Amino acid sequence: MPPLNQLTAHELHKKLKSREITSVELTESVFDRINDVDDSVKGYITLTQDIALEQAATADKIFDRGDQASSLTGIPIALKDVICTQGVLTTCGSRILGNFVSPYDATVMHKLNAHKTVMIGKTNMDEFAMGSSTENSAFFTTRNPWNLETIPGGSSGGSAAVVAADETIISLGSDTGGSIRQPASLCGVVGMKPTYGRVSRFGLIAFASSLDQIGPLAKDVTDCAITHNVICGHDPMDSTSANFPVPDFTNSLINDVNGIKIGIPTQYFSEGIDPQVEASVRSAIELLEKLGASTEEISLPHTEYAIATYYIIAPAEASANLARYDGVRYGLRIDQIDNIIDMYKKTRSQGFGDEVKRRIMLGTYSLSSGYYDAYYLKAQKVRTLIKQDFDQAFKKVDVLITPTSPTPAFKIGERTDDPLQMYLSDIFTTPSSLAGLPGISVPCGLTESGLPIGLQVLAAPFEEEKIFRVAYTFEQNTDHHQKKPKL
Ligand code: GLN
């Protein structure tokens with residue numbers, strides 16, 4: 001049998017239930033792995049070993065007594081450091097929150113606790129989730145377990161890398177413009193961005209509130225569905241949370257795509273896409289056709305405006321959300337000051353990194369009077385056009401299939417001096433984010449140099465079930481998700 005930390009939650013659940021293994025043994029195997037490899041991967045900002053072992057012992061008691069256990073009881077989970085955890089450091093990858101301990105738990109944390117999961121630690125991320133490579137973390141850069149010289153993607157780079165390196169069983173990330181799907185794709189794991197409103201944002205540190213969503217990263221589609229079941233649901237603490245029935249997503253794990261209509265957006269197979277990425281995604285589509293799906297080319301004509309639109313709207317919201325870090329209420333405060341304005345200036349100058357400052361300036365500019373109509377309002381209108389493209393498409397097809405990222409993982413440092421190049425990493429994920437759609441990235445191949453390639457499946461809002469069915473069928477008929485990096 002492979003070491004416990006390499007197994008999936010659904011495999012482990014059977015062993016926990018039959019008492020073939022204990023959650024304490026499982027948790028220890030995860031920490032052994034962390035001790036072996038995290039010095040090179042650098043996926044974690046904070047480890048919570050004492051809490052984890054205590055939670056594992058509690059879970060074991062539930063299994064010993066034969067009490068009702070859920071599929072996630074006793075399962076190790078890591079959380080992106082943007083999710084508030086009471087009593088445990090939540091830094092958001094920023095110096096300004098470097099010592100911040102949240103006084104409350106995020107709703108997703110409450111839900112995980114109710115299922116008696118095991119918290120392994122908090123994972124590294126781009127500061128305030130702004131970035132595509134985890135190089136914007138104020139602390140250190142996480143490395144891609146498939147090649148330590150390359151980036152893991154971002155901003156949930158830590159959450160993707162620790163799943164890929166078997167330093168946890170499951171993790172949670174957050175996705176504003178691609179931050180779950182893109183790192184999942186680059187690290188060869190499965191990552192799901194739920195429909196906007198599916199998962200409560202209460203206790204998720206806000207970046208761009210009309211876009212942010214929490215979602216799972218896992219070793220396979222089944223674990224993703226199991227975790228999705230646990231974290232979804234209406235929450236009165238989040239005014240944008242959808243009061244919508246949550247189906248049991250594991251019922252959609254059906255190995256059959258007969259009758260499913262797949263749309264292939266022509267704009268996503270354009271110039272700039274790496275030929276190996278294109279080839280892998282096209283052969284994945286061919287496989288799904290062989291398995292009974294039909295395909296059709298679809299045009300999403302406003303796709304080319306998505307990056308520009310996203311980089312108006314997300315920074316505008318960020319500039320408002322980040323106004324709260326003023327050195328008064330929480331987080332860093334610089335004390336050597338002349339007056340209160342000086343305190344704000346010094347705290348924010350020293351507390352925020354370059355990318356965060358760039359976004360605050362861009363956002364403040366596009367919201368300022370005289371520019372609001374030209375930039376922010378215009379961007380909102382284009383956002384509607386992008387959404388309408390998708391509405392039209394989903395009248396014809398069940399799902400859309402695209403590459404998740406135009407390229408595989410790039411070298412550390414390669415794009416840090418070129419923000420535009422970095423922003424283009426999200427060219428295939430931002431349009432669906434602007435439209436609030438759910439999307440998954442599943443592994444669909446490796447490049448010649450052994451770097452993972454990901455396939456994105458998108459559906460209409462609240463139609464995650466279709467995504468799970470297509471992704472599951474693809475996974476069951478391939479072995480990409482079983483490949484592991486050699487560390
Ligand atoms: N890379 C994009 C950005 O920098 C998306 C980030 C995200 O989804 N959090 O904004």
# chains A, B, ... in the order shown; residues from 1 in each chain; ligands from 1

$ select_by_dssp --residues "region 152-200 of chain A" --states "alpha helix (DSSP H)" --output "VMD selection string"
chain A and resid 157 to 164 181 to 187

$ write_last_selection --atoms "C-alpha atoms" --output "PDB file, in the first residue's frame"
ATOM      1  CA  GLY A 157      -0.008  28.366  -5.072  1.00  0.00           C
ATOM      2  CA  GLY A 158       0.608  26.970  -1.593  1.00  0.00           C
ATOM      3  CA  SER A 159      -2.731  25.133  -1.541  1.00  0.00           C
ATOM      4  CA  ALA A 160      -2.046  23.558  -4.951  1.00  0.00           C
ATOM      5  CA  ALA A 161       1.584  22.643  -4.214  1.00  0.00           C
ATOM      6  CA  VAL A 162       0.833  20.917  -0.897  1.00  0.00           C
ATOM      7  CA  VAL A 163      -1.842  18.734  -2.515  1.00  0.00           C
ATOM      8  CA  ALA A 164       0.512  17.879  -5.408  1.00  0.00           C
ATOM      9  CA  ARG A 181      -7.949  26.710 -11.304  1.00  0.00           C
ATOM     10  CA  GLN A 182      -4.652  28.092 -12.613  1.00  0.00           C
ATOM     11  CA  PRO A 183      -2.436  26.733  -9.782  1.00  0.00           C
ATOM     12  CA  ALA A 184      -4.368  23.427  -9.848  1.00  0.00           C
ATOM     13  CA  SER A 185      -3.560  23.193 -13.549  1.00  0.00           C
ATOM     14  CA  LEU A 186       0.122  24.057 -13.087  1.00  0.00           C
ATOM     15  CA  CYS A 187       0.554  21.620 -10.185  1.00  0.00           C
TER      16      CYS A 187
END

$ residues_around --residues "Gln336 (chain A)" --least-positions-apart "5" --cutoff "10 Å" --atoms "only C-alpha atoms" --output "PDB file with N, CA, C and O atoms, in the first residue's frame"
ATOM      1  N   ASP A 342       0.733  60.647   8.815  1.00  0.00           N
ATOM      2  CA  ASP A 342       2.047  60.019   8.703  1.00  0.00           C
ATOM      3  C   ASP A 342       1.961  58.533   9.103  1.00  0.00           C
ATOM      4  O   ASP A 342       2.587  57.667   8.487  1.00  0.00           O
ATOM      5  N   MET A 343       1.150  58.253  10.125  1.00  0.00           N
ATOM      6  CA  MET A 343       0.989  56.859  10.573  1.00  0.00           C
ATOM      7  C   MET A 343       0.343  56.023   9.461  1.00  0.00           C
ATOM      8  O   MET A 343       0.811  54.938   9.142  1.00  0.00           O
ATOM      9  N   LYS A 346       2.983  55.611   6.574  1.00  0.00           N
ATOM     10  CA  LYS A 346       4.101  54.706   6.857  1.00  0.00           C
ATOM     11  C   LYS A 346       3.611  53.266   7.009  1.00  0.00           C
ATOM     12  O   LYS A 346       4.258  52.333   6.540  1.00  0.00           O
ATOM     13  N   THR A 347       2.463  53.099   7.663  1.00  0.00           N
ATOM     14  CA  THR A 347       1.949  51.739   7.858  1.00  0.00           C
ATOM     15  C   THR A 347       1.640  51.094   6.511  1.00  0.00           C
ATOM     16  O   THR A 347       2.042  49.957   6.241  1.00  0.00           O
TER      17      THR A 347
END

$ closest_atom_pairs --of "chain A" --to "ligand 1" --cutoff "6 Å" --atoms "only C-alpha atoms and all ligand atoms" --output "CSV"
residue,atom,partner,partner_atom_place_in_ligand_line,distance
A:Ala129,CA,ligand 1,9 (N),4.3
A:Met130,CA,ligand 1,4 (O),3.9
A:Gly131,CA,ligand 1,4 (O),3.5
A:Ser132,CA,ligand 1,1 (N),4.2
A:Ser155,CA,ligand 1,9 (N),5.3
A:Asp175,CA,ligand 1,8 (O),4.0
A:Thr176,CA,ligand 1,8 (O),3.4
A:Gly177,CA,ligand 1,8 (O),3.6
A:Gly178,CA,ligand 1,8 (O),4.2
A:Ser179,CA,ligand 1,8 (O),3.6
A:Asp426,CA,ligand 1,1 (N),5.9

$ write_last_selection --atoms "C-alpha atoms" --output "PDB file, in the first residue's frame"
ATOM      1  CA  ALA A 129      -4.535  36.898  -3.461  1.00  0.00           C
ATOM      2  CA  MET A 130      -3.151  39.282  -6.088  1.00  0.00           C
ATOM      3  CA  GLY A 131      -0.981  37.320  -8.450  1.00  0.00           C
ATOM      4  CA  SER A 132      -0.559  34.219 -10.570  1.00  0.00           C
ATOM      5  CA  SER A 155      -2.593  33.028  -5.950  1.00  0.00           C
ATOM      6  CA  ASP A 175     -10.477  32.163  -6.782  1.00  0.00           C
ATOM      7  CA  THR A 176     -11.130  35.735  -7.911  1.00  0.00           C
ATOM      8  CA  GLY A 177      -9.896  35.530 -11.497  1.00  0.00           C
ATOM      9  CA  GLY A 178      -8.431  32.034 -11.643  1.00  0.00           C
ATOM     10  CA  SER A 179      -6.543  31.544  -8.403  1.00  0.00           C
ATOM     11  CA  ASP A 426      -5.383  34.292 -16.329  1.00  0.00           C
TER      12      ASP A 426
END

$ residues_around --residues "region 457-472 of chain A" --least-positions-apart "6" --cutoff "8 Å" --atoms "only C-alpha atoms" --output "ChimeraX atom specification"
/A:194-196,198,221-222,225,249,252-257,390-391,394,398-402,432,436-442

$ residues_around --residues "Cys232 (chain A)" --least-positions-apart "6" --cutoff "12 Å" --atoms "only C-alpha atoms" --output "ChimeraX atom specification"
/A:107-112,193-201,213-216,224-226,241-249,462,464

$ write_last_selection --atoms "N, CA, C and O atoms" --output "compact mmCIF listing (two decimals), in the first residue's frame"
# COMPACT_ATOMS: atom_id res chain seq x y z
N THR A 107 -16.89 30.97 7.86
CA THR A 107 -17.98 29.99 7.80
C THR A 107 -17.49 28.63 7.27
O THR A 107 -17.88 27.59 7.80
N VAL A 108 -16.60 28.63 6.28
CA VAL A 108 -16.10 27.33 5.78
C VAL A 108 -15.37 26.57 6.88
O VAL A 108 -15.44 25.34 6.94
N MET A 109 -14.68 27.30 7.74
CA MET A 109 -13.96 26.64 8.85
C MET A 109 -14.97 26.02 9.82
O MET A 109 -14.78 24.89 10.29
N HIS A 110 -16.06 26.74 10.10
CA HIS A 110 -17.13 26.18 10.95
C HIS A 110 -17.63 24.89 10.34
O HIS A 110 -17.87 23.91 11.04
N LYS A 111 -17.83 24.92 9.03
CA LYS A 111 -18.39 23.74 8.37
C LYS A 111 -17.40 22.57 8.46
O LYS A 111 -17.80 21.44 8.73
N LEU A 112 -16.13 22.85 8.21
CA LEU A 112 -15.14 21.77 8.31
C LEU A 112 -15.08 21.23 9.74
O LEU A 112 -15.02 20.02 9.95
N LYS A 193 -13.61 26.07 -8.82
CA LYS A 193 -14.15 27.37 -8.44
C LYS A 193 -15.65 27.26 -8.49
O LYS A 193 -16.22 27.05 -9.56
N PRO A 194 -16.33 27.36 -7.35
CA PRO A 194 -17.79 27.24 -7.33
C PRO A 194 -18.47 28.44 -8.00
O PRO A 194 -17.85 29.48 -8.20
N THR A 195 -19.75 28.28 -8.30
CA THR A 195 -20.57 29.41 -8.75
C THR A 195 -20.47 30.53 -7.72
O THR A 195 -20.50 30.26 -6.51
N TYR A 196 -20.39 31.79 -8.18
CA TYR A 196 -20.38 32.91 -7.23
C TYR A 196 -21.64 32.83 -6.36
O TYR A 196 -22.75 32.72 -6.88
N GLY A 197 -21.45 32.85 -5.06
CA GLY A 197 -22.59 32.79 -4.14
C GLY A 197 -22.83 31.41 -3.53
O GLY A 197 -23.59 31.29 -2.57
N ARG A 198 -22.19 30.39 -4.08
CA ARG A 198 -22.37 29.02 -3.57
C ARG A 198 -21.76 28.84 -2.19
O ARG A 198 -22.30 28.17 -1.33
N VAL A 199 -20.56 29.42 -2.02
CA VAL A 199 -19.82 29.22 -0.78
C VAL A 199 -19.73 30.56 -0.06
O VAL A 199 -19.42 31.58 -0.67
N SER A 200 -19.99 30.54 1.23
CA SER A 200 -19.98 31.79 1.99
C SER A 200 -18.60 32.45 1.96
O SER A 200 -17.58 31.79 2.11
N ARG A 201 -18.60 33.77 1.82
CA ARG A 201 -17.36 34.53 1.88
C ARG A 201 -17.12 35.09 3.28
O ARG A 201 -16.14 35.82 3.50
N GLN A 213 -14.41 33.69 -4.50
CA GLN A 213 -15.08 32.46 -4.06
C GLN A 213 -14.04 31.50 -3.47
O GLN A 213 -12.94 31.38 -4.00
N ILE A 214 -14.43 30.79 -2.42
CA ILE A 214 -13.59 29.73 -1.85
C ILE A 214 -13.93 28.43 -2.57
O ILE A 214 -15.08 28.20 -2.93
N GLY A 215 -12.93 27.58 -2.77
CA GLY A 215 -13.20 26.27 -3.37
C GLY A 215 -12.11 25.27 -3.05
O GLY A 215 -11.05 25.64 -2.53
N PRO A 216 -12.38 23.99 -3.36
CA PRO A 216 -11.44 22.92 -3.00
C PRO A 216 -10.35 22.64 -4.04
O PRO A 216 -10.57 22.82 -5.24
N CYS A 224 -12.98 16.35 -4.72
CA CYS A 224 -13.42 17.72 -4.96
C CYS A 224 -14.93 17.82 -4.71
O CYS A 224 -15.40 18.77 -4.07
N ALA A 225 -15.68 16.82 -5.19
CA ALA A 225 -17.14 16.83 -5.01
C ALA A 225 -17.50 16.66 -3.54
O ALA A 225 -18.41 17.33 -3.03
N ILE A 226 -16.78 15.79 -2.86
CA ILE A 226 -17.05 15.57 -1.43
C ILE A 226 -16.84 16.87 -0.64
O ILE A 226 -17.65 17.25 0.21
N SER A 241 -24.46 35.47 -0.46
CA SER A 241 -24.56 34.02 -0.47
C SER A 241 -25.91 33.61 -1.06
O SER A 241 -26.94 34.20 -0.75
N ALA A 242 -25.89 32.62 -1.96
CA ALA A 242 -27.11 32.25 -2.68
C ALA A 242 -27.98 31.31 -1.85
O ALA A 242 -27.48 30.31 -1.32
N ASN A 243 -29.25 31.65 -1.77
CA ASN A 243 -30.18 30.78 -1.06
C ASN A 243 -30.77 29.81 -2.07
O ASN A 243 -31.86 30.01 -2.59
N PHE A 244 -30.01 28.80 -2.36
CA PHE A 244 -30.27 27.91 -3.48
C PHE A 244 -30.05 26.50 -2.99
O PHE A 244 -29.13 26.25 -2.22
N PRO A 245 -30.86 25.53 -3.41
CA PRO A 245 -30.64 24.17 -2.90
C PRO A 245 -29.26 23.63 -3.30
O PRO A 245 -28.78 23.91 -4.40
N VAL A 246 -28.63 22.92 -2.39
CA VAL A 246 -27.32 22.31 -2.68
C VAL A 246 -27.53 20.81 -2.88
O VAL A 246 -27.89 20.11 -1.94
N PRO A 247 -27.36 20.33 -4.11
CA PRO A 247 -27.54 18.90 -4.33
C PRO A 247 -26.37 18.11 -3.74
O PRO A 247 -25.36 18.71 -3.37
N ASP A 248 -26.49 16.80 -3.66
CA ASP A 248 -25.35 15.96 -3.29
C ASP A 248 -24.51 15.78 -4.56
O ASP A 248 -24.91 15.06 -5.47
N PHE A 249 -23.38 16.47 -4.60
CA PHE A 249 -22.58 16.46 -5.84
C PHE A 249 -21.97 15.10 -6.15
O PHE A 249 -21.60 14.84 -7.28
N PHE A 462 -24.68 27.58 -11.03
CA PHE A 462 -25.36 26.54 -10.25
C PHE A 462 -25.49 25.21 -10.99
O PHE A 462 -26.26 24.35 -10.60
N GLU A 464 -22.91 23.03 -11.36
CA GLU A 464 -21.70 22.26 -11.03
C GLU A 464 -21.88 20.78 -11.33
O GLU A 464 -20.90 20.08 -11.62

$ closest_residue --among "A:Ile298, A:Met125, A:Leu4, A:Ala138" --to "Ile169 (chain A)" --atoms "only C-alpha atoms"
A:Leu4

$ closest_residue --among "A:Ser449, A:Thr250, A:Ser133, A:Thr8" --to "Ile180 (chain A)" --atoms "only C-alpha atoms"
A:Ser133

$ residues_around --residues "region 26-43 of chain A" --least-positions-apart "4" --cutoff "6 Å" --atoms "only C-alpha atoms" --output "JSON, numbers by chain"
{"A": [4, 5, 123, 124, 142, 143, 158, 162, 167, 168]}

$ atom_distance --atom1 "CA of Gly413 (chain A)" --atom2 "CA of Ser156 (chain A)"
17.6 Å

$ residues_around --residues "Lys387 (chain A)" --least-positions-apart "4" --cutoff "10 Å" --atoms "only C-alpha atoms" --output "list in words"
Leu300, His302, Thr303, Lys381, Val382, Arg383, Asp391, Gln392, Ala393, Pro431, Ser432, Ser433, Leu434, Ala435, Gly436 and Leu437 of chain A

$ write_last_selection --atoms "N, CA, C and O atoms" --output "compact mmCIF listing (two decimals), in the first residue's frame"
# COMPACT_ATOMS: atom_id res chain seq x y z
N LEU A 300 -17.36 33.19 -28.28
CA LEU A 300 -17.58 34.08 -27.14
C LEU A 300 -16.88 35.39 -27.50
O LEU A 300 -15.74 35.64 -27.10
N HIS A 302 -16.68 38.50 -26.81
CA HIS A 302 -16.09 39.53 -25.95
C HIS A 302 -14.92 39.04 -25.10
O HIS A 302 -14.43 39.77 -24.23
N THR A 303 -14.48 37.80 -25.35
CA THR A 303 -13.39 37.22 -24.57
C THR A 303 -12.16 38.13 -24.52
O THR A 303 -11.54 38.28 -23.47
N LYS A 381 -20.10 47.51 -17.88
CA LYS A 381 -20.92 47.23 -19.07
C LYS A 381 -20.32 46.08 -19.87
O LYS A 381 -21.04 45.20 -20.35
N VAL A 382 -19.00 46.10 -20.02
CA VAL A 382 -18.36 45.02 -20.76
C VAL A 382 -18.52 43.69 -20.00
O VAL A 382 -18.71 42.64 -20.60
N ARG A 383 -18.50 43.78 -18.68
CA ARG A 383 -18.72 42.58 -17.88
C ARG A 383 -20.07 41.94 -18.25
O ARG A 383 -20.18 40.72 -18.39
N ASP A 391 -24.23 33.26 -21.52
CA ASP A 391 -25.67 32.92 -21.48
C ASP A 391 -26.10 32.32 -22.82
O ASP A 391 -26.81 31.32 -22.87
N GLN A 392 -25.65 32.97 -23.90
CA GLN A 392 -25.99 32.47 -25.24
C GLN A 392 -25.42 31.07 -25.44
O GLN A 392 -26.10 30.18 -25.94
N ALA A 393 -24.17 30.89 -25.06
CA ALA A 393 -23.49 29.60 -25.27
C ALA A 393 -24.23 28.48 -24.54
O ALA A 393 -24.44 27.39 -25.09
N PRO A 431 -12.63 35.41 -17.75
CA PRO A 431 -13.97 35.65 -18.32
C PRO A 431 -15.07 34.96 -17.50
O PRO A 431 -16.10 35.58 -17.17
N SER A 432 -14.86 33.70 -17.15
CA SER A 432 -15.89 32.97 -16.39
C SER A 432 -16.02 33.53 -14.98
O SER A 432 -17.11 33.48 -14.40
N SER A 433 -14.94 34.06 -14.42
CA SER A 433 -15.03 34.68 -13.10
C SER A 433 -15.92 35.91 -13.17
O SER A 433 -16.77 36.13 -12.31
N LEU A 434 -15.73 36.72 -14.21
CA LEU A 434 -16.56 37.92 -14.36
C LEU A 434 -18.03 37.54 -14.51
O LEU A 434 -18.92 38.29 -14.10
N ALA A 435 -18.30 36.38 -15.09
CA ALA A 435 -19.68 35.93 -15.29
C ALA A 435 -20.21 35.14 -14.10
O ALA A 435 -21.38 34.72 -14.11
N GLY A 436 -19.38 34.90 -13.10
CA GLY A 436 -19.83 34.19 -11.89
C GLY A 436 -20.02 32.70 -12.07
O GLY A 436 -20.69 32.04 -11.26
N LEU A 437 -19.43 32.13 -13.13
CA LEU A 437 -19.67 30.72 -13.45
C LEU A 437 -18.82 29.77 -12.59
O LEU A 437 -17.75 30.15 -12.15

$ closest_residue --among "A:Ser102, A:Thr117, A:Thr134, A:Gln421" --to "Gln86 (chain A)" --atoms "only C-alpha atoms"
A:Ser102

$ residues_around --residues "Met422 (chain A)" --least-positions-apart "5" --cutoff "12 Å" --atoms "only C-alpha atoms" --output "PDB file with N, CA, C and O atoms, in the first residue's frame"
ATOM      1  N   MET A 130      -3.408  38.553  -4.842  1.00  0.00           N
ATOM      2  CA  MET A 130      -3.151  39.282  -6.088  1.00  0.00           C
ATOM      3  C   MET A 130      -1.901  38.719  -6.748  1.00  0.00           C
ATOM      4  O   MET A 130      -0.778  39.045  -6.348  1.00  0.00           O
ATOM      5  N   GLY A 131      -2.120  37.877  -7.746  1.00  0.00           N
ATOM      6  CA  GLY A 131      -0.981  37.320  -8.450  1.00  0.00           C
ATOM      7  C   GLY A 131      -1.304  35.980  -9.064  1.00  0.00           C
ATOM      8  O   GLY A 131      -2.372  35.416  -8.842  1.00  0.00           O
ATOM      9  N   SER A 132      -0.361  35.478  -9.850  1.00  0.00           N
ATOM     10  CA  SER A 132      -0.559  34.219 -10.570  1.00  0.00           C
ATOM     11  C   SER A 132       0.618  33.281 -10.377  1.00  0.00           C
ATOM     12  O   SER A 132       0.787  32.333 -11.127  1.00  0.00           O
ATOM     13  N   SER A 133       1.461  33.548  -9.374  1.00  0.00           N
ATOM     14  CA  SER A 133       2.681  32.751  -9.250  1.00  0.00           C
ATOM     15  C   SER A 133       3.125  32.505  -7.811  1.00  0.00           C
ATOM     16  O   SER A 133       4.080  31.786  -7.578  1.00  0.00           O
ATOM     17  N   THR A 134       2.444  33.123  -6.846  1.00  0.00           N
ATOM     18  CA  THR A 134       2.819  33.059  -5.426  1.00  0.00           C
ATOM     19  C   THR A 134       4.144  33.789  -5.155  1.00  0.00           C
ATOM     20  O   THR A 134       4.647  33.772  -4.038  1.00  0.00           O
ATOM     21  N   GLU A 135       4.685  34.446  -6.181  1.00  0.00           N
ATOM     22  CA  GLU A 135       5.904  35.246  -5.949  1.00  0.00           C
ATOM     23  C   GLU A 135       5.592  36.546  -5.218  1.00  0.00           C
ATOM     24  O   GLU A 135       6.502  37.206  -4.711  1.00  0.00           O
ATOM     25  N   ASN A 136       4.305  36.927  -5.166  1.00  0.00           N
ATOM     26  CA  ASN A 136       3.946  38.157  -4.447  1.00  0.00           C
ATOM     27  C   ASN A 136       3.703  37.935  -2.965  1.00  0.00           C
ATOM     28  O   ASN A 136       3.264  38.851  -2.275  1.00  0.00           O
ATOM     29  N   ILE A 151       7.282  28.142 -10.890  1.00  0.00           N
ATOM     30  CA  ILE A 151       6.264  28.628  -9.961  1.00  0.00           C
ATOM     31  C   ILE A 151       5.109  27.612  -9.895  1.00  0.00           C
ATOM     32  O   ILE A 151       4.897  26.849 -10.840  1.00  0.00           O
ATOM     33  N   GLY A 153       2.030  28.519  -9.736  1.00  0.00           N
ATOM     34  CA  GLY A 153       0.813  29.251 -10.078  1.00  0.00           C
ATOM     35  C   GLY A 153       0.346  30.027  -8.869  1.00  0.00           C
ATOM     36  O   GLY A 153       0.947  29.967  -7.795  1.00  0.00           O
ATOM     37  N   GLY A 154      -0.739  30.790  -9.057  1.00  0.00           N
ATOM     38  CA  GLY A 154      -1.214  31.573  -7.924  1.00  0.00           C
ATOM     39  C   GLY A 154      -2.618  32.074  -8.155  1.00  0.00           C
ATOM     40  O   GLY A 154      -3.171  31.829  -9.219  1.00  0.00           O
ATOM     41  N   SER A 155      -3.235  32.692  -7.200  1.00  0.00           N
ATOM     42  CA  SER A 155      -2.593  33.028  -5.950  1.00  0.00           C
ATOM     43  C   SER A 155      -2.625  31.904  -4.921  1.00  0.00           C
ATOM     44  O   SER A 155      -1.902  31.966  -3.937  1.00  0.00           O
ATOM     45  N   ILE A 307      -9.516  40.407 -19.777  1.00  0.00           N
ATOM     46  CA  ILE A 307      -8.387  40.785 -18.913  1.00  0.00           C
ATOM     47  C   ILE A 307      -8.463  42.284 -18.576  1.00  0.00           C
ATOM     48  O   ILE A 307      -8.343  42.674 -17.414  1.00  0.00           O
ATOM     49  N   TYR A 311      -9.063  43.739 -14.842  1.00  0.00           N
ATOM     50  CA  TYR A 311      -8.057  44.592 -14.204  1.00  0.00           C
ATOM     51  C   TYR A 311      -8.516  46.035 -13.997  1.00  0.00           C
ATOM     52  O   TYR A 311      -7.748  46.872 -13.537  1.00  0.00           O
ATOM     53  N   GLU A 355       2.834  44.836  -5.695  1.00  0.00           N
ATOM     54  CA  GLU A 355       1.667  44.511  -6.518  1.00  0.00           C
ATOM     55  C   GLU A 355       0.391  45.044  -5.863  1.00  0.00           C
ATOM     56  O   GLU A 355      -0.487  45.576  -6.546  1.00  0.00           O
ATOM     57  N   SER A 405      -4.911  27.226 -18.459  1.00  0.00           N
ATOM     58  CA  SER A 405      -3.861  28.252 -18.520  1.00  0.00           C
ATOM     59  C   SER A 405      -3.196  28.155 -19.893  1.00  0.00           C
ATOM     60  O   SER A 405      -3.045  27.059 -20.419  1.00  0.00           O
ATOM     61  N   PRO A 406      -2.827  29.283 -20.492  1.00  0.00           N
ATOM     62  CA  PRO A 406      -2.243  29.213 -21.843  1.00  0.00           C
ATOM     63  C   PRO A 406      -0.882  28.529 -21.891  1.00  0.00           C
ATOM     64  O   PRO A 406      -0.463  28.065 -22.946  1.00  0.00           O
ATOM     65  N   THR A 407      -0.191  28.482 -20.747  1.00  0.00           N
ATOM     66  CA  THR A 407       1.138  27.860 -20.723  1.00  0.00           C
ATOM     67  C   THR A 407       1.258  26.972 -19.488  1.00  0.00           C
ATOM     68  O   THR A 407       0.516  27.152 -18.526  1.00  0.00           O
ATOM     69  N   ALA A 409       3.685  25.731 -16.155  1.00  0.00           N
ATOM     70  CA  ALA A 409       4.389  26.544 -15.150  1.00  0.00           C
ATOM     71  C   ALA A 409       5.611  27.215 -15.764  1.00  0.00           C
ATOM     72  O   ALA A 409       6.335  26.593 -16.546  1.00  0.00           O
ATOM     73  N   PHE A 410       5.818  28.478 -15.431  1.00  0.00           N
ATOM     74  CA  PHE A 410       6.996  29.185 -15.936  1.00  0.00           C
ATOM     75  C   PHE A 410       8.041  29.291 -14.816  1.00  0.00           C
ATOM     76  O   PHE A 410       7.765  28.986 -13.655  1.00  0.00           O
ATOM     77  N   LYS A 411       9.238  29.720 -15.208  1.00  0.00           N
ATOM     78  CA  LYS A 411      10.365  29.791 -14.255  1.00  0.00           C
ATOM     79  C   LYS A 411      10.142  30.887 -13.217  1.00  0.00           C
ATOM     80  O   LYS A 411       9.601  31.954 -13.533  1.00  0.00           O
ATOM     81  N   ILE A 412      10.592  30.632 -12.017  1.00  0.00           N
ATOM     82  CA  ILE A 412      10.548  31.654 -10.972  1.00  0.00           C
ATOM     83  C   ILE A 412      11.310  32.885 -11.479  1.00  0.00           C
ATOM     84  O   ILE A 412      12.397  32.747 -12.033  1.00  0.00           O
ATOM     85  N   GLY A 413      10.709  34.053 -11.333  1.00  0.00           N
ATOM     86  CA  GLY A 413      11.378  35.296 -11.748  1.00  0.00           C
ATOM     87  C   GLY A 413      11.105  35.695 -13.192  1.00  0.00           C
ATOM     88  O   GLY A 413      11.310  36.848 -13.561  1.00  0.00           O
ATOM     89  N   GLU A 414      10.596  34.766 -14.000  1.00  0.00           N
ATOM     90  CA  GLU A 414      10.457  35.033 -15.436  1.00  0.00           C
ATOM     91  C   GLU A 414       9.507  36.196 -15.743  1.00  0.00           C
ATOM     92  O   GLU A 414       9.718  36.940 -16.697  1.00  0.00           O
ATOM     93  N   ARG A 415       8.446  36.336 -14.957  1.00  0.00           N
ATOM     94  CA  ARG A 415       7.455  37.373 -15.285  1.00  0.00           C
ATOM     95  C   ARG A 415       7.330  38.455 -14.213  1.00  0.00           C
ATOM     96  O   ARG A 415       6.428  39.294 -14.284  1.00  0.00           O
ATOM     97  N   THR A 416       8.208  38.424 -13.204  1.00  0.00           N
ATOM     98  CA  THR A 416       8.018  39.368 -12.086  1.00  0.00           C
ATOM     99  C   THR A 416       8.207  40.822 -12.508  1.00  0.00           C
ATOM    100  O   THR A 416       7.641  41.719 -11.896  1.00  0.00           O
ATOM    101  N   ASP A 417       8.980  41.072 -13.549  1.00  0.00           N
ATOM    102  CA  ASP A 417       9.189  42.462 -13.958  1.00  0.00           C
ATOM    103  C   ASP A 417       8.214  42.898 -15.038  1.00  0.00           C
ATOM    104  O   ASP A 417       8.336  43.989 -15.590  1.00  0.00           O
ATOM    105  N   ILE A 427      -5.824  34.546 -18.672  1.00  0.00           N
ATOM    106  CA  ILE A 427      -6.647  34.900 -19.821  1.00  0.00           C
ATOM    107  C   ILE A 427      -7.844  33.947 -20.013  1.00  0.00           C
ATOM    108  O   ILE A 427      -8.897  34.361 -20.461  1.00  0.00           O
TER     109      ILE A 427
END
